[in-house]
file coords04.cif (mmCIF, C-alpha atoms)
data_query
loop_
_atom_site.group_PDB
_atom_site.id
_atom_site.type_symbol
_atom_site.label_atom_id
_atom_site.label_comp_id
_atom_site.auth_asym_id
_atom_site.auth_seq_id
_atom_site.Cartn_x
_atom_site.Cartn_y
_atom_site.Cartn_z
ATOM 1 C CA MET A 1 -14.487 -3.701 -17.579
ATOM 2 C CA LYS A 2 -14.510 -6.850 -19.733
ATOM 3 C CA ASN A 3 -14.450 -9.046 -16.629
ATOM 4 C CA LEU A 4 -17.299 -7.101 -15.089
ATOM 5 C CA PHE A 5 -19.336 -7.517 -18.277
ATOM 6 C CA LEU A 6 -18.648 -11.286 -18.388
ATOM 7 C CA THR A 7 -19.599 -11.615 -14.707
ATOM 8 C CA PHE A 8 -22.826 -9.753 -15.413
ATOM 9 C CA ILE A 9 -23.657 -12.074 -18.360
ATOM 10 C CA LEU A 10 -22.853 -15.133 -16.231
ATOM 11 C CA LEU A 11 -25.088 -13.949 -13.375
ATOM 12 C CA MET A 12 -27.933 -13.197 -15.835
ATOM 13 C CA THR A 13 -27.634 -16.679 -17.376
ATOM 14 C CA ILE A 14 -27.667 -18.323 -13.938
ATOM 15 C CA SER A 15 -30.686 -16.316 -12.771
ATOM 16 C CA ILE A 16 -32.648 -17.043 -15.996
ATOM 17 C CA SER A 17 -31.891 -20.764 -15.785
ATOM 18 C CA PHE A 18 -32.931 -20.848 -12.095
ATOM 19 C CA GLY A 19 -36.114 -18.966 -12.967
ATOM 20 C CA LYS A 20 -36.893 -21.440 -15.738
ATOM 21 C CA GLY A 21 -36.095 -24.314 -13.390
ATOM 22 C CA SER A 22 -38.496 -23.068 -10.744
ATOM 23 C CA LYS A 23 -41.177 -22.486 -13.395
ATOM 24 C CA ASN A 24 -40.636 -26.038 -14.651
ATOM 25 C CA LEU A 25 -40.858 -27.288 -11.062
ATOM 26 C CA VAL A 26 -44.177 -25.464 -10.566
ATOM 27 C CA GLU A 27 -45.545 -26.772 -13.873
ATOM 28 C CA SER A 28 -44.331 -30.319 -13.251
ATOM 29 C CA CYS A 29 -45.839 -30.291 -9.752
ATOM 30 C CA ARG A 30 -49.124 -28.886 -11.030
ATOM 31 C CA SER A 31 -49.533 -31.564 -13.688
ATOM 32 C CA TYR A 32 -48.391 -34.222 -11.199
ATOM 33 C CA ALA A 33 -50.991 -32.982 -8.670
ATOM 34 C CA ILE A 34 -53.807 -32.955 -11.242
ATOM 35 C CA SER A 35 -53.016 -36.444 -12.533
ATOM 36 C CA SER A 36 -52.729 -37.743 -8.936
ATOM 37 C CA ALA A 37 -56.126 -36.242 -8.005
ATOM 38 C CA ASN A 38 -57.595 -37.841 -11.147
ATOM 39 C CA ALA A 39 -56.080 -41.195 -10.162
ATOM 40 C CA GLU A 40 -57.478 -40.767 -6.651
ATOM 41 C CA GLU A 41 -60.950 -40.092 -8.029
ATOM 42 C CA GLY A 42 -60.659 -43.242 -10.136
ATOM 43 C CA HIS A 43 -59.742 -45.187 -7.007
ATOM 44 C CA TYR A 44 -62.159 -43.761 -4.400
ATOM 45 C CA GLY A 45 -65.018 -42.722 -6.675
ATOM 46 C CA PRO A 46 -66.463 -39.378 -7.790
ATOM 47 C CA MET A 47 -65.449 -36.291 -5.818
ATOM 48 C CA SER A 48 -67.194 -32.950 -5.518
ATOM 49 C CA ASP A 49 -65.310 -29.996 -7.001
ATOM 50 C CA LYS A 50 -64.200 -28.877 -3.521
ATOM 51 C CA GLN A 51 -62.858 -32.330 -2.677
ATOM 52 C CA TYR A 52 -61.111 -32.459 -6.066
ATOM 53 C CA MET A 53 -59.494 -29.084 -5.491
ATOM 54 C CA GLU A 54 -58.387 -30.068 -1.998
ATOM 55 C CA ALA A 55 -56.863 -33.264 -3.390
ATOM 56 C CA VAL A 56 -54.939 -31.305 -6.069
ATOM 57 C CA SER A 57 -53.776 -28.839 -3.417
ATOM 58 C CA TRP A 58 -52.610 -31.689 -1.135
ATOM 59 C CA TYR A 59 -50.550 -33.357 -3.903
ATOM 60 C CA LEU A 60 -49.173 -29.987 -4.986
ATOM 61 C CA ASP A 61 -47.908 -29.227 -1.475
ATOM 62 C CA ALA A 62 -46.382 -32.709 -1.181
ATOM 63 C CA CYS A 63 -44.668 -32.312 -4.563
ATOM 64 C CA ASN A 64 -43.263 -28.872 -3.752
ATOM 65 C CA GLU A 65 -41.984 -30.103 -0.386
ATOM 66 C CA ALA A 66 -40.281 -33.035 -2.110
ATOM 67 C CA GLY A 67 -38.552 -30.702 -4.572
ATOM 68 C CA GLY A 68 -40.414 -31.607 -7.754
ATOM 69 C CA ALA A 69 -42.478 -34.257 -9.485
ATOM 70 C CA SER A 70 -39.376 -36.352 -10.280
ATOM 71 C CA HIS A 71 -39.014 -36.994 -6.543
ATOM 72 C CA MET A 72 -42.557 -38.306 -6.192
ATOM 73 C CA LEU A 73 -43.415 -41.977 -6.436
ATOM 74 C CA GLY A 74 -47.054 -41.304 -7.280
ATOM 75 C CA PRO A 75 -50.218 -41.413 -5.236
ATOM 76 C CA VAL A 76 -50.377 -44.222 -2.702
ATOM 77 C CA PHE A 77 -53.763 -45.794 -2.069
ATOM 78 C CA LYS A 78 -54.743 -48.232 0.624
ATOM 79 C CA MET B 1 -104.225 -63.051 32.168
ATOM 80 C CA TYR B 2 -105.782 -66.020 30.303
ATOM 81 C CA CYS B 3 -108.540 -66.199 32.936
ATOM 82 C CA LEU B 4 -109.332 -62.545 32.328
ATOM 83 C CA PHE B 5 -109.667 -63.186 28.602
ATOM 84 C CA PHE B 6 -111.903 -66.189 29.180
ATOM 85 C CA ILE B 7 -114.138 -64.139 31.493
ATOM 86 C CA ILE B 8 -114.312 -61.384 28.878
ATOM 87 C CA LEU B 9 -115.089 -63.874 26.105
ATOM 88 C CA ASN B 10 -117.750 -65.592 28.152
ATOM 89 C CA ASN B 11 -119.496 -62.385 29.109
ATOM 90 C CA TYR B 12 -119.195 -60.288 25.985
ATOM 91 C CA ASP B 13 -119.641 -60.928 22.323
ATOM 92 C CA MET B 14 -116.775 -60.867 19.824
ATOM 93 C CA LYS B 15 -117.264 -57.222 18.823
ATOM 94 C CA LYS B 16 -116.857 -56.068 22.401
ATOM 95 C CA PHE B 17 -113.774 -58.285 22.775
ATOM 96 C CA ILE B 18 -112.108 -56.652 19.766
ATOM 97 C CA LYS B 19 -113.029 -53.211 21.115
ATOM 98 C CA LEU B 20 -111.450 -54.025 24.464
ATOM 99 C CA THR B 21 -108.321 -55.449 22.823
ATOM 100 C CA LEU B 22 -107.876 -52.238 20.837
ATOM 101 C CA ILE B 23 -108.329 -50.141 23.973
ATOM 102 C CA PHE B 24 -105.601 -52.154 25.727
ATOM 103 C CA LEU B 25 -103.232 -52.128 22.716
ATOM 104 C CA PHE B 26 -103.540 -48.439 21.784
ATOM 105 C CA PRO B 27 -101.359 -47.025 24.585
ATOM 106 C CA ILE B 28 -98.718 -49.711 24.003
ATOM 107 C CA LEU B 29 -98.523 -48.852 20.276
ATOM 108 C CA GLY B 30 -98.427 -45.166 21.148
ATOM 109 C CA TRP B 31 -95.494 -45.578 23.552
ATOM 110 C CA SER B 32 -93.416 -47.529 21.026
ATOM 111 C CA GLN B 33 -93.458 -44.435 18.736
ATOM 112 C CA MET B 34 -91.603 -41.955 20.965
ATOM 113 C CA ASP B 35 -92.815 -38.359 21.024
ATOM 114 C CA LEU B 36 -89.814 -36.440 19.688
ATOM 115 C CA SER B 37 -91.452 -33.032 19.555
ATOM 116 C CA LYS B 38 -90.096 -31.890 22.958
ATOM 117 C CA LYS B 39 -86.717 -33.613 22.912
ATOM 118 C CA THR B 40 -83.230 -32.748 21.732
ATOM 119 C CA ILE B 41 -81.427 -35.657 20.148
ATOM 120 C CA GLU B 42 -77.705 -36.190 19.587
ATOM 121 C CA ILE B 43 -76.388 -38.870 17.253
ATOM 122 C CA ASN B 44 -72.687 -39.677 16.884
ATOM 123 C CA TYR B 45 -71.326 -40.950 13.599
ATOM 124 C CA VAL B 46 -68.005 -42.452 12.534
ATOM 125 C CA LYS B 47 -66.463 -42.416 9.093
ATOM 126 C CA ALA B 48 -65.820 -45.733 7.384
ATOM 127 C CA TYR B 49 -64.317 -46.853 4.109
ATOM 128 C CA LYS B 50 -65.129 -49.590 1.640
ATOM 129 C CA ASN B 51 -64.033 -49.215 -1.956
ATOM 130 C CA PHE B 52 -66.953 -48.341 -4.217
ATOM 131 C CA LYS B 53 -65.914 -51.117 -6.617
ATOM 132 C CA ASP B 54 -66.093 -53.737 -3.846
ATOM 133 C CA PHE B 55 -69.497 -55.424 -4.096
ATOM 134 C CA SER B 56 -68.788 -58.079 -1.445
ATOM 135 C CA ASN B 57 -70.780 -58.324 1.791
ATOM 136 C CA SER B 58 -67.779 -57.270 3.888
ATOM 137 C CA PRO B 59 -68.523 -54.301 6.172
ATOM 138 C CA PRO B 60 -66.737 -50.974 5.659
ATOM 139 C CA SER B 61 -63.641 -50.370 7.801
ATOM 140 C CA ILE B 62 -63.931 -47.606 10.372
ATOM 141 C CA LEU B 63 -61.376 -44.827 9.926
ATOM 142 C CA ARG B 64 -59.901 -44.056 13.311
ATOM 143 C CA ASN B 65 -60.287 -40.648 14.953
ATOM 144 C CA ILE B 66 -62.904 -39.272 12.547
ATOM 145 C CA GLU B 67 -66.164 -38.647 14.382
ATOM 146 C CA TYR B 68 -69.125 -36.354 13.844
ATOM 147 C CA LYS B 69 -72.262 -35.366 15.683
ATOM 148 C CA LEU B 70 -75.761 -34.474 14.565
ATOM 149 C CA VAL B 71 -77.770 -32.480 17.120
ATOM 150 C CA PHE B 72 -81.387 -31.671 16.417
ATOM 151 C CA ASN B 73 -84.811 -30.887 17.798
ATOM 152 C CA ASN B 74 -88.137 -30.926 15.971
ATOM 153 C CA ASN B 75 -87.167 -27.838 13.955
ATOM 154 C CA GLU B 76 -83.377 -27.371 13.622
ATOM 155 C CA ALA B 77 -80.382 -29.631 13.004
ATOM 156 C CA ARG B 78 -76.622 -29.071 13.039
ATOM 157 C CA PHE B 79 -74.041 -31.584 11.830
ATOM 158 C CA GLU B 80 -70.292 -31.212 12.291
ATOM 159 C CA TYR B 81 -66.963 -32.939 12.728
ATOM 160 C CA ILE B 82 -65.788 -33.429 16.333
ATOM 161 C CA PRO B 83 -62.163 -32.206 16.504
ATOM 162 C CA ASN B 84 -59.920 -34.898 17.923
ATOM 163 C CA MET B 85 -56.688 -34.090 19.757
ATOM 164 C CA SER B 86 -55.005 -37.194 18.382
ATOM 165 C CA ASN B 87 -55.576 -35.884 14.852
ATOM 166 C CA ASP B 88 -53.118 -33.033 15.371
ATOM 167 C CA GLY B 89 -50.169 -35.034 14.043
ATOM 168 C CA ASP B 90 -49.556 -36.569 10.658
ATOM 169 C CA ASP B 91 -52.638 -38.760 10.718
ATOM 170 C CA GLU B 92 -53.396 -39.315 7.041
ATOM 171 C CA ASN B 93 -57.067 -39.900 7.851
ATOM 172 C CA ILE B 94 -57.435 -36.117 8.279
ATOM 173 C CA ARG B 95 -57.561 -35.910 4.495
ATOM 174 C CA PHE B 96 -60.762 -37.954 4.530
ATOM 175 C CA ILE B 97 -62.782 -35.805 6.967
ATOM 176 C CA GLY B 98 -64.731 -34.214 4.114
ATOM 177 C CA ARG B 99 -64.920 -37.256 1.852
ATOM 178 C CA GLY B 100 -68.387 -38.656 1.458
ATOM 179 C CA GLY B 101 -69.653 -35.561 3.323
ATOM 180 C CA GLY B 102 -68.633 -34.090 6.640
ATOM 181 C CA SER B 103 -66.565 -30.955 6.011
ATOM 182 C CA GLY B 104 -67.554 -27.795 7.871
ATOM 183 C CA ILE B 105 -70.984 -27.383 9.463
ATOM 184 C CA ASN B 106 -74.340 -28.323 7.957
ATOM 185 C CA TYR B 107 -77.416 -26.577 9.343
ATOM 186 C CA LYS B 108 -81.080 -27.040 8.478
ATOM 187 C CA ASN B 109 -84.204 -25.256 9.723
ATOM 188 C CA LEU B 110 -87.594 -26.707 8.852
ATOM 189 C CA LYS B 111 -89.706 -23.646 9.736
ATOM 190 C CA SER B 112 -87.613 -21.110 7.820
ATOM 191 C CA LYS B 113 -86.807 -23.685 5.090
ATOM 192 C CA GLU B 114 -83.086 -22.919 5.314
ATOM 193 C CA LYS B 115 -80.324 -25.340 4.426
ATOM 194 C CA ILE B 116 -76.785 -23.974 4.725
ATOM 195 C CA HIS B 117 -73.223 -25.262 4.750
ATOM 196 C CA GLN B 118 -70.409 -23.345 6.430
ATOM 197 C CA THR B 119 -67.009 -24.264 5.052
ATOM 198 C CA GLU B 120 -63.482 -22.891 4.695
ATOM 199 C CA ILE B 121 -61.370 -22.609 1.599
ATOM 200 C CA GLY B 122 -58.364 -20.472 0.724
ATOM 201 C CA GLY B 123 -58.251 -19.045 4.256
ATOM 202 C CA LYS B 124 -61.798 -17.666 4.070
ATOM 203 C CA THR B 125 -65.058 -18.892 5.597
ATOM 204 C CA TYR B 126 -68.120 -19.202 3.393
ATOM 205 C CA ILE B 127 -71.772 -19.888 4.108
ATOM 206 C CA ILE B 128 -73.226 -21.705 1.131
ATOM 207 C CA THR B 129 -76.986 -21.640 0.718
ATOM 208 C CA ASN B 130 -78.140 -24.998 -0.601
ATOM 209 C CA ASP B 131 -81.342 -26.128 -2.262
ATOM 210 C CA TYR B 132 -83.757 -27.092 0.504
ATOM 211 C CA ASP B 133 -84.653 -30.324 -1.246
ATOM 212 C CA LYS B 134 -81.313 -31.054 -2.837
ATOM 213 C CA TYR B 135 -81.758 -34.765 -3.379
ATOM 214 C CA ASP B 136 -84.426 -36.510 -5.367
ATOM 215 C CA TRP B 137 -84.797 -39.562 -3.113
ATOM 216 C CA LYS B 138 -85.886 -42.942 -4.352
ATOM 217 C CA LEU B 139 -87.238 -45.012 -1.449
ATOM 218 C CA LEU B 140 -86.401 -48.724 -1.544
ATOM 219 C CA LYS B 141 -87.736 -51.739 0.365
ATOM 220 C CA ASP B 142 -84.341 -52.998 1.673
ATOM 221 C CA THR B 143 -84.142 -53.021 5.461
ATOM 222 C CA LYS B 144 -81.501 -53.438 8.175
ATOM 223 C CA LYS B 145 -81.023 -52.564 11.840
ATOM 224 C CA ILE B 146 -78.681 -49.744 12.853
ATOM 225 C CA ILE B 147 -78.099 -49.044 16.566
ATOM 226 C CA GLY B 148 -81.304 -50.941 17.307
ATOM 227 C CA TYR B 149 -83.548 -49.091 14.830
ATOM 228 C CA ASP B 150 -85.197 -50.637 11.782
ATOM 229 C CA CYS B 151 -83.950 -48.687 8.792
ATOM 230 C CA TYR B 152 -84.986 -48.483 5.154
ATOM 231 C CA LYS B 153 -82.735 -47.743 2.218
ATOM 232 C CA ALA B 154 -83.038 -44.733 -0.090
ATOM 233 C CA ILE B 155 -80.912 -43.501 -2.974
ATOM 234 C CA GLY B 156 -80.475 -39.841 -3.818
ATOM 235 C CA ILE B 157 -78.979 -38.418 -6.972
ATOM 236 C CA PHE B 158 -77.639 -34.907 -7.356
ATOM 237 C CA LYS B 159 -76.234 -33.457 -10.562
ATOM 238 C CA GLU B 160 -74.078 -30.343 -10.668
ATOM 239 C CA TYR B 161 -71.794 -28.544 -13.060
ATOM 240 C CA ASP B 162 -68.158 -28.750 -12.036
ATOM 241 C CA GLU B 163 -66.467 -25.446 -12.839
ATOM 242 C CA ILE B 164 -62.985 -26.910 -12.383
ATOM 243 C CA ARG B 165 -63.314 -29.885 -14.684
ATOM 244 C CA LYS B 166 -65.840 -28.186 -16.949
ATOM 245 C CA LYS B 167 -68.304 -31.052 -16.908
ATOM 246 C CA ASP B 168 -71.448 -32.243 -15.172
ATOM 247 C CA ILE B 169 -70.780 -34.573 -12.271
ATOM 248 C CA ILE B 170 -73.384 -36.938 -10.890
ATOM 249 C CA ILE B 171 -73.261 -37.583 -7.157
ATOM 250 C CA GLU B 172 -75.110 -40.631 -5.873
ATOM 251 C CA VAL B 173 -75.759 -41.092 -2.161
ATOM 252 C CA SER B 174 -77.173 -44.203 -0.482
ATOM 253 C CA VAL B 175 -78.747 -43.754 2.935
ATOM 254 C CA TRP B 176 -80.527 -45.797 5.591
ATOM 255 C CA TYR B 177 -83.227 -43.920 7.502
ATOM 256 C CA ALA B 178 -85.274 -44.880 10.576
ATOM 257 C CA PRO B 179 -89.036 -44.215 10.169
ATOM 258 C CA SER B 180 -89.542 -44.683 13.931
ATOM 259 C CA LEU B 181 -87.459 -41.486 14.416
ATOM 260 C CA ALA B 182 -89.727 -39.516 12.122
ATOM 261 C CA ILE B 183 -87.807 -36.242 11.720
ATOM 262 C CA PRO B 184 -86.349 -35.411 8.277
ATOM 263 C CA PHE B 185 -82.713 -34.758 9.281
ATOM 264 C CA GLY B 186 -79.472 -36.532 8.518
ATOM 265 C CA PRO B 187 -75.678 -36.186 8.446
ATOM 266 C CA ALA B 188 -73.806 -33.945 5.971
ATOM 267 C CA GLY B 189 -76.992 -32.566 4.400
ATOM 268 C CA TYR B 190 -78.356 -36.003 3.492
ATOM 269 C CA ASP B 191 -81.873 -35.246 4.673
ATOM 270 C CA GLY B 192 -85.489 -34.749 3.676
ATOM 271 C CA LEU B 193 -86.500 -38.377 4.272
ATOM 272 C CA PRO B 194 -89.360 -39.748 6.416
ATOM 273 C CA GLY B 195 -86.934 -40.531 9.252
ATOM 274 C CA ILE B 196 -83.484 -39.755 10.624
ATOM 275 C CA VAL B 197 -80.625 -40.970 8.416
ATOM 276 C CA LEU B 198 -78.443 -43.342 10.461
ATOM 277 C CA GLU B 199 -76.064 -44.350 7.685
ATOM 278 C CA SER B 200 -74.936 -42.804 4.428
ATOM 279 C CA SER B 201 -72.482 -43.803 1.742
ATOM 280 C CA ARG B 202 -71.098 -41.735 -1.066
ATOM 281 C CA SER B 203 -68.281 -42.999 -3.322
ATOM 282 C CA SER B 204 -66.142 -45.131 -0.994
ATOM 283 C CA PHE B 205 -66.935 -43.309 2.255
ATOM 284 C CA TYR B 206 -69.596 -43.992 4.883
ATOM 285 C CA LEU B 207 -71.066 -42.095 7.834
ATOM 286 C CA ILE B 208 -72.400 -44.626 10.330
ATOM 287 C CA ALA B 209 -74.344 -43.831 13.519
ATOM 288 C CA THR B 210 -72.773 -45.364 16.620
ATOM 289 C CA ASP B 211 -75.004 -44.063 19.412
ATOM 290 C CA ILE B 212 -78.018 -41.885 20.105
ATOM 291 C CA LYS B 213 -78.839 -39.757 23.147
ATOM 292 C CA PHE B 214 -82.204 -38.227 24.048
ATOM 293 C CA TYR B 215 -82.339 -35.067 26.164
ATOM 294 C CA ASP B 216 -85.564 -33.913 27.776
ATOM 295 C CA ASN B 217 -84.125 -30.434 28.210
ATOM 296 C CA PRO B 218 -83.796 -28.572 24.939
ATOM 297 C CA LEU B 219 -80.168 -28.002 23.902
ATOM 298 C CA LYS B 220 -79.297 -24.844 22.012
ATOM 299 C CA ILE B 221 -78.721 -25.495 18.318
ATOM 300 C CA LYS B 222 -76.518 -22.757 16.967
ATOM 301 C CA LYS B 223 -76.898 -21.589 13.413
ATOM 302 C CA PRO B 224 -73.522 -20.788 11.761
ATOM 303 C CA GLN B 225 -73.324 -17.014 11.332
ATOM 304 C CA ASP B 226 -69.752 -16.219 10.292
ATOM 305 C CA GLY B 227 -68.763 -16.296 6.666
ATOM 306 C CA ILE B 228 -69.369 -14.836 3.243
ATOM 307 C CA MET B 229 -72.861 -15.766 2.039
ATOM 308 C CA VAL B 230 -72.768 -17.389 -1.392
ATOM 309 C CA THR B 231 -74.938 -19.639 -3.500
ATOM 310 C CA HIS B 232 -73.675 -23.062 -4.517
ATOM 311 C CA GLU B 233 -72.939 -21.798 -8.046
ATOM 312 C CA GLU B 234 -71.028 -18.743 -6.735
ATOM 313 C CA PHE B 235 -68.993 -20.987 -4.440
ATOM 314 C CA ASN B 236 -68.092 -23.247 -7.374
ATOM 315 C CA ARG B 237 -66.834 -20.229 -9.310
ATOM 316 C CA ILE B 238 -64.718 -19.190 -6.291
ATOM 317 C CA LEU B 239 -63.301 -22.718 -6.153
ATOM 318 C CA ASN B 240 -62.375 -22.506 -9.816
ATOM 319 C CA LYS B 241 -60.538 -19.207 -9.277
ATOM 320 C CA ILE B 242 -58.566 -20.728 -6.393
ATOM 321 C CA PHE B 243 -57.846 -23.825 -8.468
ATOM 322 C CA LEU B 244 -56.442 -21.760 -11.354
ATOM 323 C CA SER B 245 -54.152 -19.904 -8.945
ATOM 324 C CA LEU B 246 -52.825 -23.078 -7.290
ATOM 325 C CA GLY B 247 -49.051 -23.354 -7.506
ATOM 326 C CA LYS B 248 -48.695 -19.970 -9.257
#
call {"tool": "encode", "arguments": {"input": "coords04.cif", "output": "structure tokens"}}
result
Amino acid sequence: MKNLFLTFILLMTISISFGKGSKNLVESCRSYAISSANAEEGHYGPMSDKQYMEAVSWYLDACNEAGGASHMLGPVFK
Amino acid sequence: MYCLFFIILNNYDMKKFIKLTLIFLFPILGWSQMDLSKKTIEINYVKAYKNFKDFSNSPPSILRNIEYKLVFNNNEARFEYIPNMSNDGDDENIRFIGRGGGSGINYKNLKSKEKIHQTEIGGKTYIITNDYDKYDWKLLKDTKKIIGYDCYKAIGIFKEYDEIRKKDIIIEVSVWYAPSLAIPFGPAGYDGLPGIVLESSRSSFYLIATDIKFYDNPLKIKKPQDGIMVTHEEFNRILNKIFLSLGK
């Protein structure tokens, strides 16, 4: 019974930490995407709101695919 | 020819000579201004890039595989991106299709005073009704030739409230229009000038005309029909909702 309880606590801890991790990943990617879109606007000039949103969405997808903002080098401009 | 003039001068007074000259010149001047009222015209444009902070005389660089077409008659115009098979891969230029104008389909009708933009976002298609005279154009005296036509420069400024960034943004567009093609259409909704717009630049992105075709037979110009009808302000609010849900 004790072992079962300990296993349950362990599983709960793991699931909460994974949940927090994924939330952190989402938040880190979102702020990365927004700052990258801002940097892009500074580089290419003013964007309409649709273009801005599409830029944020593009960086967000790239960040999620890479597994988080820590894996991103930053926006690359030509 | 000279003999003819001498005979005319010898036999008639100066007033009659001027009259005759005008009679001879009138048809020539008339032909140089082509009658566009019964033609359909197609203009192809490419997208080009030159950083907006670069004030040198260097020309903008053409972005490969991004082309558009403007088809119009004396009443309707439709502007859209031409899908390119070679853009199916990882071509990073795809991201720039809409930059500086060029996403979706722009349609304008002079008789019904309609100006609409069909575009897709969040998996849905929208038809945005735009102000008929969106830009307050300032006509300038600068000139240059584009695909053989003498063009004049104009600058248009458009201010709108950005729902996402919660601030007013000012969009400035520079265009070159050809008064000899005296129909008020242009690419990506840059229109309402006394001539077709053959080049536009907004931020770092350009739309540049590369060729023009004249058809004697009228081509059908299709008005975009599919999509949820919204005003520009409603569309901006939809964009904001999508933006807030991004990544959540």
call {"tool": "closest_residue", "arguments": {"input": "coords04.cif", "among": "A:Cys29, A:Cys63, A:Val76, A:Ala37", "to": "A:Lys50", "atoms": "all atoms listed in the file"}}
result
A:Ala37
call {"tool": "resolve_selection", "arguments": {"input": "coords04.cif", "expression": "the PyMOL selection byres ((chain B and resi 104) around 12)", "output": "ChimeraX atom specification"}}
result
/A:50 /B:68-69,78-83,97-99,101-103,105-107,116-121,125-128,187-189,224,227
call {"tool": "interface_residues", "arguments": {"input": "coords04.cif", "of": "chain A", "to": "chain B", "cutoff": "10 Å", "atoms": "all atoms listed in the file", "output": "ChimeraX atom specification"}}
result
/A:23,25-27,29-30,33,41,43-58,60-61,64,78
call {"tool": "atom_distance", "arguments": {"input": "coords04.cif", "atom1": "atom CA of B:Tyr177", "atom2": "atom CA of B:Lys144"}}
result
9.7 Å
call {"tool": "residues_near_point", "arguments": {"input": "coords04.cif", "point": "(-77.9, -43.4, -4.8)", "cutoff": "12 Å", "atoms": "all atoms listed in the file", "output": "VMD selection string"}}
result
chain B and resid 135 to 140 153 to 159 170 to 176 190 200 to 203
call {"tool": "residues_around", "arguments": {"input": "coords04.cif", "residues": "B:Pro184", "least_positions_apart": "4", "cutoff": "10 Å", "atoms": "only C-alpha atoms", "output": "PDB file with C-alpha atoms, in the coordinates of the input"}}
result
ATOM      1  CA  ASN B  74     -88.137 -30.926  15.971  1.00  0.00           C
ATOM      2  CA  ASN B  75     -87.167 -27.838  13.955  1.00  0.00           C
ATOM      3  CA  ALA B  77     -80.382 -29.631  13.004  1.00  0.00           C
ATOM      4  CA  LYS B 108     -81.080 -27.040   8.478  1.00  0.00           C
ATOM      5  CA  LEU B 110     -87.594 -26.707   8.852  1.00  0.00           C
ATOM      6  CA  TYR B 177     -83.227 -43.920   7.502  1.00  0.00           C
ATOM      7  CA  ALA B 178     -85.274 -44.880  10.576  1.00  0.00           C
ATOM      8  CA  PRO B 179     -89.036 -44.215  10.169  1.00  0.00           C
ATOM      9  CA  TYR B 190     -78.356 -36.003   3.492  1.00  0.00           C
ATOM     10  CA  ASP B 191     -81.873 -35.246   4.673  1.00  0.00           C
ATOM     11  CA  GLY B 192     -85.489 -34.749   3.676  1.00  0.00           C
ATOM     12  CA  LEU B 193     -86.500 -38.377   4.272  1.00  0.00           C
ATOM     13  CA  PRO B 194     -89.360 -39.748   6.416  1.00  0.00           C
ATOM     14  CA  GLY B 195     -86.934 -40.531   9.252  1.00  0.00           C
ATOM     15  CA  ILE B 196     -83.484 -39.755  10.624  1.00  0.00           C
ATOM     16  CA  VAL B 197     -80.625 -40.970   8.416  1.00  0.00           C
TER      17      VAL B 197
END
call {"tool": "residues_near_point", "arguments": {"input": "coords04.cif", "point": "(-73.7, -40.7, 12.0)", "cutoff": "7 Å", "atoms": "all atoms listed in the file", "output": "PyMOL selection string"}}
result
chain B and resi 43-46+68-69+187+198-199+207-210
call {"tool": "atom_distance", "arguments": {"input": "coords04.cif", "atom1": "atom CA of A:Ser31", "atom2": "atom CA of B:Arg237"}}
result
21.1 Å
call {"tool": "closest_residue", "arguments": {"input": "coords04.cif", "among": "A:Gly74, A:Ala69, A:Asn3, A:Glu40", "to": "A:Ser28", "atoms": "all atoms listed in the file"}}
result
A:Ala69
call {"tool": "axis_aligned_box", "arguments": {"input": "coords04.cif", "around": "stretch 203-212 of chain B", "padding_each_side": "3 Å", "output": "JSON"}}
result
{"center_x": -72.1, "center_y": -43.6, "center_z": 8.4, "size_x": 17.9, "size_y": 9.5, "size_z": 29.4}
call {"tool": "atom_distance", "arguments": {"input": "coords04.cif", "atom1": "atom CA of A:Met72", "atom2": "atom CA of A:Gly42"}}
result
19.2 Å
call {"tool": "residues_around", "arguments": {"input": "coords04.cif", "residues": "B:Leu36", "least_positions_apart": "2", "cutoff": "9 Å", "atoms": "all atoms listed in the file", "output": "MDAnalysis selection string"}}
result
chainID B and resid 33:34 38:41 73:74 181:183 214
call {"tool": "decode", "arguments": {"input": "coords04.cif", "residues": "stretch 164-187 of chain B", "atoms": "C-alpha atoms", "output": "PDB file, in the first residue's frame"}}
result
ATOM      1  CA  ILE B 164      -2.461  43.583 -31.816  1.00  0.00           C
ATOM      2  CA  ARG B 165       0.116  46.146 -30.798  1.00  0.00           C
ATOM      3  CA  LYS B 166      -2.462  48.599 -29.480  1.00  0.00           C
ATOM      4  CA  LYS B 167      -1.089  51.572 -31.368  1.00  0.00           C
ATOM      5  CA  ASP B 168      -1.589  53.564 -34.546  1.00  0.00           C
ATOM      6  CA  ILE B 169       0.646  52.459 -37.387  1.00  0.00           C
ATOM      7  CA  ILE B 170       1.452  54.665 -40.348  1.00  0.00           C
ATOM      8  CA  ILE B 171       1.907  52.912 -43.678  1.00  0.00           C
ATOM      9  CA  GLU B 172       3.672  54.846 -46.417  1.00  0.00           C
ATOM     10  CA  VAL B 173       3.605  53.628 -50.011  1.00  0.00           C
ATOM     11  CA  SER B 174       5.612  55.049 -52.918  1.00  0.00           C
ATOM     12  CA  VAL B 175       4.321  54.346 -56.411  1.00  0.00           C
ATOM     13  CA  TRP B 176       5.169  55.143 -60.023  1.00  0.00           C
ATOM     14  CA  TYR B 177       2.161  55.531 -62.318  1.00  0.00           C
ATOM     15  CA  ALA B 178       1.909  55.906 -66.106  1.00  0.00           C
ATOM     16  CA  PRO B 179      -0.420  58.758 -67.203  1.00  0.00           C
ATOM     17  CA  SER B 180      -0.417  57.407 -70.781  1.00  0.00           C
ATOM     18  CA  LEU B 181      -2.285  54.333 -69.420  1.00  0.00           C
ATOM     19  CA  ALA B 182      -4.980  56.498 -67.891  1.00  0.00           C
ATOM     20  CA  ILE B 183      -6.952  53.972 -65.816  1.00  0.00           C
ATOM     21  CA  PRO B 184      -6.845  54.288 -62.001  1.00  0.00           C
ATOM     22  CA  PHE B 185      -5.766  50.726 -61.110  1.00  0.00           C
ATOM     23  CA  GLY B 186      -2.648  49.296 -59.539  1.00  0.00           C
ATOM     24  CA  PRO B 187      -1.173  46.277 -57.740  1.00  0.00           C
TER      25      PRO B 187
END
